[in-house]
>>> print(open('model-v6.tsv').read())   # TSV, C-alpha atoms and all ligand atoms
chain	number	residue	atom	x	y	z
A	1	MET	CA	-3.70	-17.00	-18.14
A	2	LEU	CA	-3.29	-13.98	-15.84
A	3	ARG	CA	-4.97	-11.94	-18.55
A	4	SER	CA	-8.16	-14.02	-18.01
A	5	GLN	CA	-8.07	-14.46	-14.23
A	6	THR	CA	-11.32	-12.68	-13.38
A	7	VAL	CA	-13.23	-14.50	-16.08
A	8	LEU	CA	-11.87	-17.88	-14.96
A	9	ASP	CA	-12.69	-17.20	-11.30
A	10	ARG	CA	-16.19	-16.11	-12.26
A	11	ARG	CA	-16.73	-19.44	-14.01
A	12	LEU	CA	-15.25	-21.53	-11.22
A	13	GLN	CA	-16.76	-19.92	-8.12
A	14	PRO	CA	-20.36	-21.18	-8.54
A	15	LEU	CA	-19.08	-24.71	-9.02
A	16	VAL	CA	-17.07	-24.88	-5.79
A	17	THR	CA	-19.06	-25.73	-2.67
A	18	GLY	CA	-18.22	-23.30	0.17
A	19	ASN	CA	-16.29	-20.05	0.13
A	20	TRP	CA	-13.98	-19.58	-2.90
A	21	ARG	CA	-11.69	-17.34	-0.82
A	22	ARG	CA	-11.03	-20.23	1.58
A	23	VAL	CA	-9.79	-22.50	-1.23
A	24	PRO	CA	-5.97	-22.71	-0.83
A	25	ASP	CA	-4.00	-20.65	-3.39
A	26	SER	CA	-2.29	-23.71	-4.88
A	27	LEU	CA	-5.64	-25.44	-5.47
A	28	ARG	CA	-7.19	-22.30	-6.94
A	29	ASP	CA	-4.28	-22.08	-9.38
A	30	VAL	CA	-4.74	-25.70	-10.49
A	31	LEU	CA	-8.46	-25.03	-11.05
A	32	ARG	CA	-7.63	-21.90	-13.06
A	33	ILE	CA	-5.18	-23.82	-15.25
A	34	GLY	CA	-7.83	-26.43	-15.93
A	35	ALA	CA	-10.53	-23.84	-16.59
A	36	TYR	CA	-8.17	-21.96	-18.91
A	37	GLN	CA	-7.43	-25.09	-20.91
A	38	LEU	CA	-11.11	-25.96	-21.10
A	39	SER	CA	-12.29	-22.54	-22.11
A	40	ASP	CA	-9.50	-20.78	-23.95
A	41	LEU	CA	-7.38	-23.41	-25.65
A	42	ASP	CA	-9.32	-25.01	-28.49
A	43	ARG	CA	-6.59	-27.57	-29.18
A	44	VAL	CA	-6.73	-29.23	-25.73
A	45	PRO	CA	-9.53	-31.84	-25.57
A	46	ALA	CA	-11.74	-31.51	-22.48
A	47	TYR	CA	-10.82	-34.93	-21.06
A	48	ALA	CA	-7.09	-34.10	-21.35
A	49	ALA	CA	-7.54	-30.72	-19.62
A	50	VAL	CA	-9.39	-32.38	-16.72
A	51	GLU	CA	-6.88	-35.21	-16.39
A	52	THR	CA	-3.85	-32.90	-16.43
A	53	SER	CA	-5.32	-30.74	-13.68
A	54	VAL	CA	-6.34	-33.74	-11.59
A	55	ASP	CA	-2.77	-35.07	-11.83
A	56	LEU	CA	-1.39	-31.66	-10.90
A	57	ALA	CA	-3.69	-31.42	-7.88
A	58	ARG	CA	-2.79	-34.96	-6.74
A	59	ALA	CA	0.95	-34.26	-7.04
A	60	HIS	CA	1.03	-30.81	-5.49
A	61	VAL	CA	-1.99	-30.50	-3.19
A	62	GLY	CA	-3.30	-33.96	-2.26
A	63	ALA	CA	-5.78	-36.75	-3.07
A	64	ARG	CA	-8.88	-34.91	-1.75
A	65	ALA	CA	-7.96	-31.88	-3.82
A	66	ALA	CA	-7.67	-34.11	-6.90
A	67	GLY	CA	-11.27	-35.29	-6.34
A	68	LEU	CA	-12.51	-31.74	-6.04
A	69	VAL	CA	-10.68	-30.66	-9.20
A	70	ASN	CA	-12.16	-33.60	-11.10
A	71	ALA	CA	-15.72	-32.74	-10.00
A	72	VAL	CA	-15.44	-28.99	-10.60
A	73	LEU	CA	-13.79	-29.23	-14.02
A	74	ARG	CA	-16.23	-31.87	-15.27
A	75	LYS	CA	-19.13	-29.61	-14.27
A	76	LEU	CA	-17.39	-26.68	-15.96
A	77	SER	CA	-16.83	-28.71	-19.10
A	78	ALA	CA	-20.55	-29.54	-19.23
A	79	THR	CA	-21.71	-25.97	-18.65
A	80	ARG	CA	-19.02	-24.20	-20.67
A	81	GLU	CA	-21.34	-22.46	-23.08
A	82	ALA	CA	-23.75	-21.37	-20.38
A	83	THR	CA	-21.01	-19.58	-18.45
A	84	SER	CA	-19.55	-17.81	-21.49
A	85	PRO	CA	-18.63	-14.20	-20.80
A	86	SER	CA	-20.50	-13.15	-23.92
A	87	ASP	CA	-23.64	-13.56	-21.79
A	88	ALA	CA	-22.57	-10.70	-19.59
A	89	ALA	CA	-24.92	-7.75	-19.35
A	90	GLY	CA	-23.76	-4.21	-20.24
A	91	GLY	CA	-21.99	-1.67	-17.98
A	92	HIS	CA	-18.43	-1.27	-16.74
A	93	GLY	CA	-18.82	-4.15	-14.26
A	94	SER	CA	-19.34	-6.67	-17.00
A	95	LEU	CA	-16.77	-4.99	-19.25
A	96	ALA	CA	-14.26	-5.43	-16.41
A	97	ALA	CA	-15.24	-9.05	-15.80
A	98	THR	CA	-15.33	-10.01	-19.47
A	99	HIS	CA	-11.90	-8.55	-20.12
A	100	SER	CA	-10.42	-9.47	-16.75
A	101	HIS	CA	-9.52	-5.99	-15.49
A	102	PRO	CA	-10.16	-4.38	-12.06
A	103	GLU	CA	-13.60	-2.79	-11.99
A	104	TRP	CA	-12.44	0.52	-10.46
A	105	LEU	CA	-9.96	0.99	-13.31
A	106	VAL	CA	-12.50	0.22	-16.02
A	107	GLU	CA	-14.97	2.62	-14.39
A	108	ARG	CA	-12.33	5.36	-14.39
A	109	TRP	CA	-11.47	4.71	-18.07
A	110	VAL	CA	-15.10	4.54	-19.21
A	111	ALA	CA	-15.70	7.93	-17.56
A	112	ARG	CA	-12.80	9.41	-19.52
A	113	PHE	CA	-12.54	7.51	-22.80
A	114	GLY	CA	-16.13	6.26	-23.22
A	115	ALA	CA	-17.23	2.61	-23.45
A	116	ALA	CA	-16.07	1.88	-27.03
A	117	ARG	CA	-12.51	3.19	-26.58
A	118	THR	CA	-12.24	1.52	-23.19
A	119	ARG	CA	-13.30	-1.80	-24.73
A	120	ALA	CA	-10.62	-1.37	-27.40
A	121	LEU	CA	-8.06	-0.65	-24.68
A	122	LEU	CA	-9.06	-3.72	-22.67
A	123	GLU	CA	-8.83	-5.89	-25.79
A	124	HIS	CA	-5.40	-4.44	-26.54
A	125	ASN	CA	-4.22	-5.21	-22.99
A	126	ASN	CA	-5.24	-8.84	-23.39
A	127	GLN	CA	-3.03	-9.39	-26.40
A	128	ARG	CA	0.61	-10.39	-26.21
A	129	PRO	CA	2.76	-7.45	-27.35
A	130	PRO	CA	5.35	-8.11	-30.06
A	131	LEU	CA	9.12	-7.83	-29.67
A	132	VAL	CA	10.25	-4.52	-31.17
A	133	ILE	CA	13.86	-3.41	-31.61
A	134	GLN	CA	15.28	0.02	-32.44
A	135	PRO	CA	18.55	0.56	-34.34
A	136	LEU	CA	21.34	1.82	-32.09
A	137	ARG	CA	24.92	1.52	-33.36
A	138	TRP	CA	23.81	0.23	-36.75
A	139	SER	CA	21.66	2.19	-39.17
A	140	ALA	CA	18.12	0.96	-39.84
A	141	GLU	CA	19.22	-0.24	-43.29
A	142	ARG	CA	22.17	-2.21	-41.94
A	143	LEU	CA	20.07	-3.78	-39.19
A	144	ALA	CA	17.28	-4.72	-41.63
A	145	GLY	CA	19.89	-6.29	-43.94
A	146	ALA	CA	21.40	-8.32	-41.11
A	147	LEU	CA	17.99	-9.55	-39.94
A	148	ALA	CA	17.04	-10.58	-43.47
A	149	GLY	CA	20.45	-12.22	-43.97
A	150	GLY	CA	20.02	-14.18	-40.73
A	151	GLY	CA	16.63	-15.51	-41.84
A	152	ILE	CA	14.79	-13.55	-39.11
A	153	ALA	CA	11.20	-12.62	-39.98
A	154	PHE	CA	10.53	-8.96	-39.22
A	155	ASP	CA	8.36	-5.97	-40.21
A	156	PRO	CA	9.31	-2.29	-40.11
A	157	VAL	CA	7.11	-0.26	-37.73
A	158	PRO	CA	5.61	2.71	-39.63
A	159	GLY	CA	7.17	6.09	-38.81
A	160	GLY	CA	10.71	4.76	-38.45
A	161	LEU	CA	9.83	3.33	-35.04
A	162	GLY	CA	11.92	0.18	-35.28
A	163	PHE	CA	11.32	-3.41	-36.39
A	164	THR	CA	8.81	-5.95	-35.09
A	165	VAL	CA	10.61	-9.28	-34.85
A	166	ARG	CA	8.44	-12.33	-35.50
A	167	GLY	CA	9.06	-15.96	-34.65
A	168	GLY	CA	10.07	-15.85	-30.98
A	169	GLU	CA	13.84	-15.53	-31.61
A	170	ARG	CA	15.87	-14.89	-28.40
A	171	VAL	CA	17.12	-11.28	-28.27
A	172	ALA	CA	20.73	-12.25	-27.56
A	173	ARG	CA	20.69	-14.46	-30.68
A	174	LEU	CA	19.65	-11.67	-33.05
A	175	PRO	CA	22.37	-10.40	-35.40
A	176	GLY	CA	24.25	-7.40	-34.00
A	177	PHE	CA	23.39	-8.00	-30.33
A	178	GLU	CA	27.02	-8.14	-29.14
A	179	ALA	CA	27.89	-5.09	-31.26
A	180	GLY	CA	25.13	-3.00	-29.65
A	181	ALA	CA	23.41	-2.76	-33.03
A	182	PHE	CA	19.93	-2.34	-31.50
A	183	VAL	CA	17.97	-1.94	-28.29
A	184	VAL	CA	14.67	-3.60	-27.36
A	185	GLN	CA	12.22	-0.72	-27.12
A	186	ASP	CA	8.48	-0.40	-27.72
A	187	PRO	CA	7.47	2.10	-30.45
A	188	ALA	CA	5.73	4.24	-27.79
A	189	GLN	CA	9.07	4.72	-26.02
A	190	ALA	CA	10.77	5.41	-29.33
A	191	ARG	CA	8.19	8.14	-29.93
A	192	VAL	CA	9.07	9.71	-26.58
A	193	VAL	CA	12.75	9.76	-27.62
A	194	GLN	CA	11.82	11.37	-30.98
A	195	PHE	CA	9.62	13.86	-29.14
A	196	THR	CA	12.52	15.07	-26.94
A	197	ASP	CA	14.07	16.70	-30.03
A	198	PHE	CA	17.05	17.90	-27.96
A	199	PRO	CA	19.54	19.92	-30.06
A	200	ALA	CA	22.44	17.71	-31.27
A	201	GLY	CA	25.39	17.69	-28.88
A	202	SER	CA	23.33	18.75	-25.82
A	203	LEU	CA	24.48	17.74	-22.36
A	204	ILE	CA	21.47	15.74	-21.17
A	205	TRP	CA	20.66	14.45	-17.71
A	206	ASP	CA	18.45	11.35	-17.89
A	207	ALA	CA	17.27	11.50	-14.27
A	208	CYS	CA	15.30	8.21	-14.09
A	209	ALA	CA	17.33	6.23	-16.56
A	210	ALA	CA	17.12	2.51	-15.79
A	211	PRO	CA	16.87	0.07	-17.43
A	212	GLY	CA	18.17	2.55	-19.95
A	213	GLY	CA	16.70	2.23	-23.42
A	214	LYS	CA	16.26	5.97	-23.87
A	215	SER	CA	19.71	6.84	-22.52
A	216	LEU	CA	21.29	4.45	-24.98
A	217	VAL	CA	19.47	5.98	-27.94
A	218	LEU	CA	20.13	9.57	-26.81
A	219	ALA	CA	23.81	8.80	-26.21
A	220	GLN	CA	24.28	8.11	-29.94
A	221	ARG	CA	23.88	11.85	-30.67
A	222	HIS	CA	24.40	13.63	-27.35
A	223	ARG	CA	26.47	13.67	-24.19
A	224	VAL	CA	24.33	11.87	-21.60
A	225	ILE	CA	24.53	11.58	-17.83
A	226	ALA	CA	22.27	8.72	-16.71
A	227	SER	CA	21.18	8.21	-13.11
A	228	ASP	CA	18.56	6.18	-11.27
A	229	LEU	CA	17.58	5.62	-7.66
A	230	LYS	CA	18.08	1.86	-7.87
A	231	PRO	CA	21.64	0.58	-8.38
A	232	ASP	CA	20.42	-2.92	-9.28
A	233	ARG	CA	18.36	-1.49	-12.15
A	234	LEU	CA	21.45	0.37	-13.40
A	235	ARG	CA	23.41	-2.86	-13.73
A	236	LYS	CA	21.56	-3.76	-16.92
A	237	LEU	CA	22.21	-0.29	-18.34
A	238	ARG	CA	25.96	-0.60	-17.60
A	239	ALA	CA	26.14	-3.91	-19.47
A	240	ALA	CA	24.27	-2.49	-22.46
A	241	ALA	CA	26.33	0.74	-22.41
A	242	ASP	CA	29.56	-1.30	-22.60
A	243	ARG	CA	28.30	-2.66	-25.93
A	244	ALA	CA	26.49	0.36	-27.34
A	245	ALA	CA	27.40	3.65	-25.64
A	246	PRO	CA	30.83	3.57	-23.96
A	247	GLY	CA	30.77	7.34	-23.26
A	248	LEU	CA	27.62	7.21	-21.15
A	249	ALA	CA	28.17	8.44	-17.55
A	250	ILE	CA	26.11	6.31	-15.13
A	251	PHE	CA	25.53	6.73	-11.39
A	252	ALA	CA	22.93	6.05	-8.68
A	253	ALA	CA	21.10	9.08	-7.27
A	254	ASP	CA	17.76	10.22	-5.93
A	255	ALA	CA	16.55	12.80	-8.44
A	256	ARG	CA	14.34	14.44	-5.79
A	257	THR	CA	17.43	15.94	-4.19
A	258	ALA	CA	19.28	17.27	-7.23
A	259	PRO	CA	22.61	15.42	-7.41
A	260	LEU	CA	24.00	17.93	-9.98
A	261	ARG	CA	24.84	21.64	-9.78
A	262	ALA	CA	22.09	24.19	-10.41
A	263	ALA	CA	21.72	25.30	-14.06
A	264	SER	CA	24.38	22.78	-15.18
A	265	THR	CA	22.64	20.84	-18.00
A	266	ASP	CA	21.24	21.78	-21.43
A	267	ALA	CA	18.42	19.28	-21.26
A	268	ILE	CA	16.73	16.90	-18.86
A	269	LEU	CA	14.66	13.81	-19.52
A	270	LEU	CA	12.46	12.94	-16.54
A	271	ASP	CA	10.98	9.56	-17.54
A	272	ALA	CA	9.20	9.25	-14.24
A	273	PRO	CA	8.17	6.16	-12.29
A	274	CYS	CA	4.40	5.81	-12.74
A	275	SER	CA	1.39	3.54	-12.45
A	276	ALA	CA	2.27	2.27	-15.96
A	277	THR	CA	-1.37	1.87	-17.00
A	278	GLY	CA	-0.19	2.22	-20.61
A	279	THR	CA	1.85	-0.99	-20.46
A	280	LEU	CA	-0.65	-3.48	-19.06
A	281	ALA	CA	-0.39	-5.72	-22.14
A	282	ARG	CA	3.28	-6.22	-21.37
A	283	HIS	CA	2.74	-7.07	-17.68
A	284	PRO	CA	-0.52	-9.03	-17.43
A	285	ASP	CA	-0.37	-9.41	-13.62
A	286	ALA	CA	0.32	-5.68	-12.97
A	287	ARG	CA	-3.34	-4.68	-13.30
A	288	TRP	CA	-4.12	-6.61	-10.09
A	289	ARG	CA	-1.47	-4.69	-8.11
A	290	LEU	CA	-2.80	-1.29	-9.15
A	291	SER	CA	-5.07	0.80	-6.95
A	292	PRO	CA	-6.30	4.41	-6.82
A	293	ARG	CA	-3.94	4.87	-3.88
A	294	ARG	CA	-0.96	3.73	-5.96
A	295	ILE	CA	-1.81	6.25	-8.67
A	296	ALA	CA	-2.01	9.01	-6.02
A	297	LEU	CA	1.35	7.93	-4.51
A	298	MET	CA	2.99	7.95	-7.93
A	299	ALA	CA	1.57	11.40	-8.67
A	300	ARG	CA	3.07	12.71	-5.41
A	301	LEU	CA	6.48	11.17	-6.21
A	302	GLN	CA	6.40	12.65	-9.75
A	303	ALA	CA	5.67	16.13	-8.32
A	304	GLU	CA	8.70	15.78	-6.01
A	305	LEU	CA	10.87	14.62	-8.90
A	306	LEU	CA	9.83	17.58	-11.06
A	307	GLU	CA	10.71	19.93	-8.19
A	308	GLY	CA	14.05	18.16	-7.73
A	309	VAL	CA	15.20	18.33	-11.34
A	310	ALA	CA	13.84	21.78	-12.31
A	311	VAL	CA	16.73	23.67	-10.72
A	312	VAL	CA	19.41	21.65	-12.56
A	313	LEU	CA	18.36	22.85	-16.03
A	314	ARG	CA	20.18	25.89	-17.40
A	315	PRO	CA	18.06	28.87	-18.48
A	316	GLY	CA	17.00	28.33	-22.11
A	317	GLY	CA	17.26	24.55	-21.70
A	318	THR	CA	14.59	21.88	-22.37
A	319	LEU	CA	12.93	19.58	-19.85
A	320	VAL	CA	10.95	16.61	-21.16
A	321	TYR	CA	8.65	14.95	-18.65
A	322	ALA	CA	7.36	11.50	-19.66
A	323	THR	CA	5.38	8.57	-18.27
A	324	CYS	CA	3.88	5.34	-19.57
A	325	SER	CA	0.65	6.08	-17.71
A	326	LEU	CA	-2.75	6.93	-19.18
A	327	GLU	CA	-3.90	8.75	-16.03
A	328	PRO	CA	-4.30	12.55	-16.11
A	329	GLU	CA	-3.01	13.15	-12.57
A	330	GLU	CA	0.33	11.66	-13.65
A	331	ASN	CA	0.33	13.39	-17.04
A	332	ASP	CA	-1.14	16.71	-18.18
A	333	ALA	CA	-2.59	17.60	-14.76
A	334	GLN	CA	0.82	16.94	-13.20
A	335	VAL	CA	2.54	19.20	-15.72
A	336	ASN	CA	-0.12	21.91	-15.35
A	337	ALA	CA	0.37	21.93	-11.57
A	338	PHE	CA	4.16	22.24	-12.06
A	339	LEU	CA	3.75	25.15	-14.50
A	340	GLU	CA	1.45	26.97	-12.10
A	341	LYS	CA	4.20	26.93	-9.49
A	342	HIS	CA	7.07	27.68	-11.89
A	343	ALA	CA	6.54	30.82	-13.92
A	344	GLU	CA	10.07	30.39	-15.33
A	345	TYR	CA	8.89	27.28	-17.26
A	346	ARG	CA	6.53	27.07	-20.25
A	347	ARG	CA	5.26	24.38	-22.65
A	348	THR	CA	6.87	24.56	-26.10
A	349	ALA	CA	4.89	21.82	-27.89
A	350	ASP	CA	1.59	20.00	-27.77
A	351	ASP	CA	1.88	17.07	-25.37
A	352	LEU	CA	2.55	13.65	-26.86
A	353	VAL	CA	-0.27	11.23	-26.01
A	354	VAL	CA	-0.04	7.63	-27.24
A	355	PHE	CA	-3.22	5.60	-26.71
A	356	PRO	CA	-2.51	1.85	-27.13
A	357	PRO	CA	-5.42	0.77	-29.37
A	358	ASP	CA	-4.76	3.68	-31.74
A	359	SER	CA	-1.05	2.99	-32.07
A	360	GLY	CA	-0.94	-0.78	-31.54
A	361	SER	CA	1.91	-0.10	-29.10
A	362	ASP	CA	2.20	0.63	-25.39
A	363	GLY	CA	0.77	3.90	-24.11
A	364	ALA	CA	2.93	6.91	-23.37
A	365	TYR	CA	2.74	10.57	-22.43
A	366	ALA	CA	5.33	13.35	-22.73
A	367	ALA	CA	5.43	17.13	-22.31
A	368	ARG	CA	8.21	19.42	-23.53
A	369	LEU	CA	8.99	22.45	-21.36
A	370	GLU	CA	11.53	25.26	-21.65
A	371	ARG	CA	13.13	27.21	-18.86
A	372	ALA	CA	13.10	30.94	-19.61
A	373	ALA	CA	16.52	32.28	-20.69
A	401	LIG	C1	9.87	4.54	-16.23
A	401	LIG	S1	11.30	3.95	-15.47
A	401	LIG	C2	12.55	4.67	-16.49
A	401	LIG	C3	12.74	3.94	-17.80
A	401	LIG	C4	13.99	4.40	-18.55
A	401	LIG	N1	14.00	5.82	-18.80
A	401	LIG	C5	14.16	3.66	-19.87
A	401	LIG	O1	13.88	4.21	-20.93
A	401	LIG	O2	14.58	2.52	-19.82
A	401	LIG	C6	11.40	4.92	-14.03
A	401	LIG	C7	12.68	4.76	-13.24
A	401	LIG	O3	12.66	5.72	-12.19
A	401	LIG	C8	13.44	5.21	-11.13
A	401	LIG	N2	13.17	6.00	-9.91
A	401	LIG	C9	12.17	5.86	-9.01
A	401	LIG	N3	12.28	6.79	-8.04
A	401	LIG	C10	13.37	7.54	-8.34
A	401	LIG	C11	14.02	8.64	-7.71
A	401	LIG	N4	13.54	9.16	-6.58
A	401	LIG	N5	15.14	9.15	-8.27
A	401	LIG	C12	15.63	8.61	-9.41
A	401	LIG	N6	15.06	7.56	-10.05
A	401	LIG	C13	13.95	7.04	-9.52
A	401	LIG	C14	13.04	3.75	-11.08
A	401	LIG	O4	14.03	2.99	-10.43
A	401	LIG	C15	12.88	3.41	-12.56
A	401	LIG	O5	14.06	2.81	-13.03
>>> encode(input="model-v6.tsv", output="structure tokens")
Amino acid sequence: MLRSQTVLDRRLQPLVTGNWRRVPDSLRDVLRIGAYQLSDLDRVPAYAAVETSVDLARAHVGARAAGLVNAVLRKLSATREATSPSDAAGGHGSLAATHSHPEWLVERWVARFGAARTRALLEHNNQRPPLVIQPLRWSAERLAGALAGGGIAFDPVPGGLGFTVRGGERVARLPGFEAGAFVVQDPAQARVVQFTDFPAGSLIWDACAAPGGKSLVLAQRHRVIASDLKPDRLRKLRAAADRAAPGLAIFAADARTAPLRAASTDAILLDAPCSATGTLARHPDARWRLSPRRIALMARLQAELLEGVAVVLRPGGTLVYATCSLEPEENDAQVNAFLEKHAEYRRTADDLVVFPPDSGSDGAYAARLERAA
């Protein structure tokens, strides 16, 4: 329902007498649930949608609220077609409203990607992403065999990027979970891991490691030191490492103030905190917490992190910088600014750019840099 919030509010507002903003949050939510059932769920008859919401309002808000919900939803039911978003006129404002995204973000994307690609991105964000798992301790063949043997419906993701699991099975119930056979990881993140291409046996520092999917995969072929600022986020990684990567060294640290000796690692993965505009399908409420200011704050933090980790890499080593953002100031512009300040670093590959509607996965960005020997 969060995916449709703007559209629902746009339908409800004209039907509520007085200021929509003054309607208590709990009552607004009941109205949204009713409007969602009326407009988006074909299987719920209109009378049932109205009655359910009226009951909810009576139980949780009060008798007067129940009367208001009844009146508003009956009007909405009668005028449903007339308020359809397909009536919206062109432009980024209506694109934002129709697809329930913040207008400033849609405006920014239209300016960069054009209207058609932005529309495809908005549609992608409004779909529920599938569960995808990547083989870890088991080979792809063994994992596929176990899934098939357990009666689990699945499809291989092209490019060796894991398996899409169908049917809503709980992760902990999938075959091989206790043995650390797999990790839940979107294909976009798996592509970032592939892109790192660190030489086998490298000593790698994963400087922003939690919750840890990439560390776990890298630890199958390398020696990995995994750290993160937030100890609570590392807890999940510790539990998974017990099952799947017992040799993984894990500790809490702020990567801005290099917790390791200078020139002491062969490779660094800086999977930086970001605005995460490439993962909005996965977190439908996150779009409403974003702002231009948040993107700028993230870009500043990423610049500090790059400065912090750069000194720890040994000459000749590889630094991979990655985000799940689609915004240039967090991606290529960030890396360009770093390279301008650090003549000892250079790009050694074309950047990886994963655009969700093209890949059918989350979005991702990565750049591979080498420190001069
Ligand atoms: C994109 S997530 C990393 C995802 C992880 N690499 C994975 O594959 O599961 C970014 C992480 O950076 C951490 N972080 C934020 N600020 C940090 C800092 N100053 N130093 C180290 N880690 C930080 C966050 O706690 C968050 O866990």
>>> residues_near_ligand(input="model-v6.tsv", ligand="ligand LIG 401 (chain A)", cutoff="10 Å", atoms="only C-alpha atoms and all ligand atoms", output="ChimeraX atom specification")
/A:184-186,189-190,192-193,206-217,226-234,236-237,252-259,269-276,298,301-302,304-305,308-309,322-325
>>> closest_residue(input="model-v6.tsv", among="A:Gly168, A:Gly151, A:Pro175, A:Pro24", to="Trp138 (chain A)", atoms="only C-alpha atoms")
A:Pro175
>>> residues_around(input="model-v6.tsv", residues="region 245-248 of chain A", least_positions_apart="3", cutoff="9 Å", atoms="only C-alpha atoms", output="MDAnalysis selection string")
chainID A and resid 137 180 215:217 219:220 223:226 238 240:242
>>> atom_distance(input="model-v6.tsv", atom1="CA of Glu141 (chain A)", atom2="CA of Ala200 (chain A)")
21.8 Å
>>> residues_around(input="model-v6.tsv", residues="Val320 (chain A)", least_positions_apart="5", cutoff="12 Å", atoms="all atoms listed in the file", output="PyMOL selection string")
chain A and resi 192-198+204-208+266-272+306+309-310+313+331+335+345-352+365-371
>>> atom_distance(input="model-v6.tsv", atom1="CA of Val72 (chain A)", atom2="CA of Leu31 (chain A)")
8.0 Å
>>> closest_residue(input="model-v6.tsv", among="A:Val312, A:Ala337, A:Leu105, A:Ala188", to="Leu161 (chain A)", atoms="only C-alpha atoms")
A:Ala188
>>> residues_around(input="model-v6.tsv", residues="region 106-113 of chain A", least_positions_apart="3", cutoff="9 Å", atoms="only C-alpha atoms", output="PDB file with C-alpha atoms, in the coordinates of the input")
ATOM      1  CA  GLY A  91     -21.990  -1.670 -17.980  1.00  0.00           C
ATOM      2  CA  HIS A  92     -18.430  -1.270 -16.740  1.00  0.00           C
ATOM      3  CA  GLY A  93     -18.820  -4.150 -14.260  1.00  0.00           C
ATOM      4  CA  LEU A  95     -16.770  -4.990 -19.250  1.00  0.00           C
ATOM      5  CA  ALA A  96     -14.260  -5.430 -16.410  1.00  0.00           C
ATOM      6  CA  HIS A 101      -9.520  -5.990 -15.490  1.00  0.00           C
ATOM      7  CA  PRO A 102     -10.160  -4.380 -12.060  1.00  0.00           C
ATOM      8  CA  GLU A 103     -13.600  -2.790 -11.990  1.00  0.00           C
ATOM      9  CA  ALA A 116     -16.070   1.880 -27.030  1.00  0.00           C
ATOM     10  CA  ARG A 117     -12.510   3.190 -26.580  1.00  0.00           C
ATOM     11  CA  THR A 118     -12.240   1.520 -23.190  1.00  0.00           C
ATOM     12  CA  ARG A 119     -13.300  -1.800 -24.730  1.00  0.00           C
ATOM     13  CA  LEU A 122      -9.060  -3.720 -22.670  1.00  0.00           C
ATOM     14  CA  GLU A 327      -3.900   8.750 -16.030  1.00  0.00           C
TER      15      GLU A 327
END
>>> atom_distance(input="model-v6.tsv", atom1="CA of Val157 (chain A)", atom2="CA of Leu131 (chain A)")
11.2 Å
>>> closest_residue(input="model-v6.tsv", among="A:Thr265, A:Ser359, A:Leu38, A:Glu169", to="Gly201 (chain A)", atoms="all atoms listed in the file")
A:Thr265
>>> decode(input="model-v6.tsv", residues="region 220-232 of chain A", atoms="N, CA and C atoms", output="PDB file, in the first residue's frame")
ATOM      1  N   GLN A 220      34.719 -17.019   0.752  1.00  0.00           N
ATOM      2  CA  GLN A 220      34.842 -18.392   0.236  1.00  0.00           C
ATOM      3  C   GLN A 220      36.160 -18.575  -0.531  1.00  0.00           C
ATOM      4  N   ARG A 221      36.711 -17.445  -1.060  1.00  0.00           N
ATOM      5  CA  ARG A 221      37.924 -17.563  -1.891  1.00  0.00           C
ATOM      6  C   ARG A 221      39.090 -16.711  -1.391  1.00  0.00           C
ATOM      7  N   HIS A 222      38.842 -15.867  -0.380  1.00  0.00           N
ATOM      8  CA  HIS A 222      39.874 -14.933   0.057  1.00  0.00           C
ATOM      9  C   HIS A 222      39.948 -14.900   1.584  1.00  0.00           C
ATOM     10  N   ARG A 223      40.982 -14.216   2.082  1.00  0.00           N
ATOM     11  CA  ARG A 223      41.010 -13.904   3.509  1.00  0.00           C
ATOM     12  C   ARG A 223      40.328 -12.544   3.668  1.00  0.00           C
ATOM     13  N   VAL A 224      39.300 -12.479   4.511  1.00  0.00           N
ATOM     14  CA  VAL A 224      38.513 -11.236   4.598  1.00  0.00           C
ATOM     15  C   VAL A 224      38.466 -10.716   6.031  1.00  0.00           C
ATOM     16  N   ILE A 225      38.704  -9.408   6.150  1.00  0.00           N
ATOM     17  CA  ILE A 225      38.508  -8.710   7.417  1.00  0.00           C
ATOM     18  C   ILE A 225      37.274  -7.845   7.220  1.00  0.00           C
ATOM     19  N   ALA A 226      36.244  -8.062   8.027  1.00  0.00           N
ATOM     20  CA  ALA A 226      34.975  -7.347   7.818  1.00  0.00           C
ATOM     21  C   ALA A 226      34.704  -6.422   8.993  1.00  0.00           C
ATOM     22  N   SER A 227      34.488  -5.133   8.703  1.00  0.00           N
ATOM     23  CA  SER A 227      34.152  -4.208   9.790  1.00  0.00           C
ATOM     24  C   SER A 227      32.979  -3.332   9.378  1.00  0.00           C
ATOM     25  N   ASP A 228      32.334  -2.745  10.379  1.00  0.00           N
ATOM     26  CA  ASP A 228      31.202  -1.850  10.149  1.00  0.00           C
ATOM     27  C   ASP A 228      31.109  -0.921  11.351  1.00  0.00           C
ATOM     28  N   LEU A 229      30.530   0.242  11.113  1.00  0.00           N
ATOM     29  CA  LEU A 229      30.387   1.210  12.212  1.00  0.00           C
ATOM     30  C   LEU A 229      29.430   0.695  13.280  1.00  0.00           C
ATOM     31  N   LYS A 230      28.411  -0.063  12.852  1.00  0.00           N
ATOM     32  CA  LYS A 230      27.314  -0.369  13.775  1.00  0.00           C
ATOM     33  C   LYS A 230      27.378  -1.812  14.285  1.00  0.00           C
ATOM     34  N   PRO A 231      27.710  -1.974  15.575  1.00  0.00           N
ATOM     35  CA  PRO A 231      27.848  -3.322  16.131  1.00  0.00           C
ATOM     36  C   PRO A 231      26.562  -4.135  15.989  1.00  0.00           C
ATOM     37  N   ASP A 232      25.403  -3.484  16.123  1.00  0.00           N
ATOM     38  CA  ASP A 232      24.150  -4.263  16.037  1.00  0.00           C
ATOM     39  C   ASP A 232      23.974  -4.852  14.634  1.00  0.00           C
TER      40      ASP A 232
END
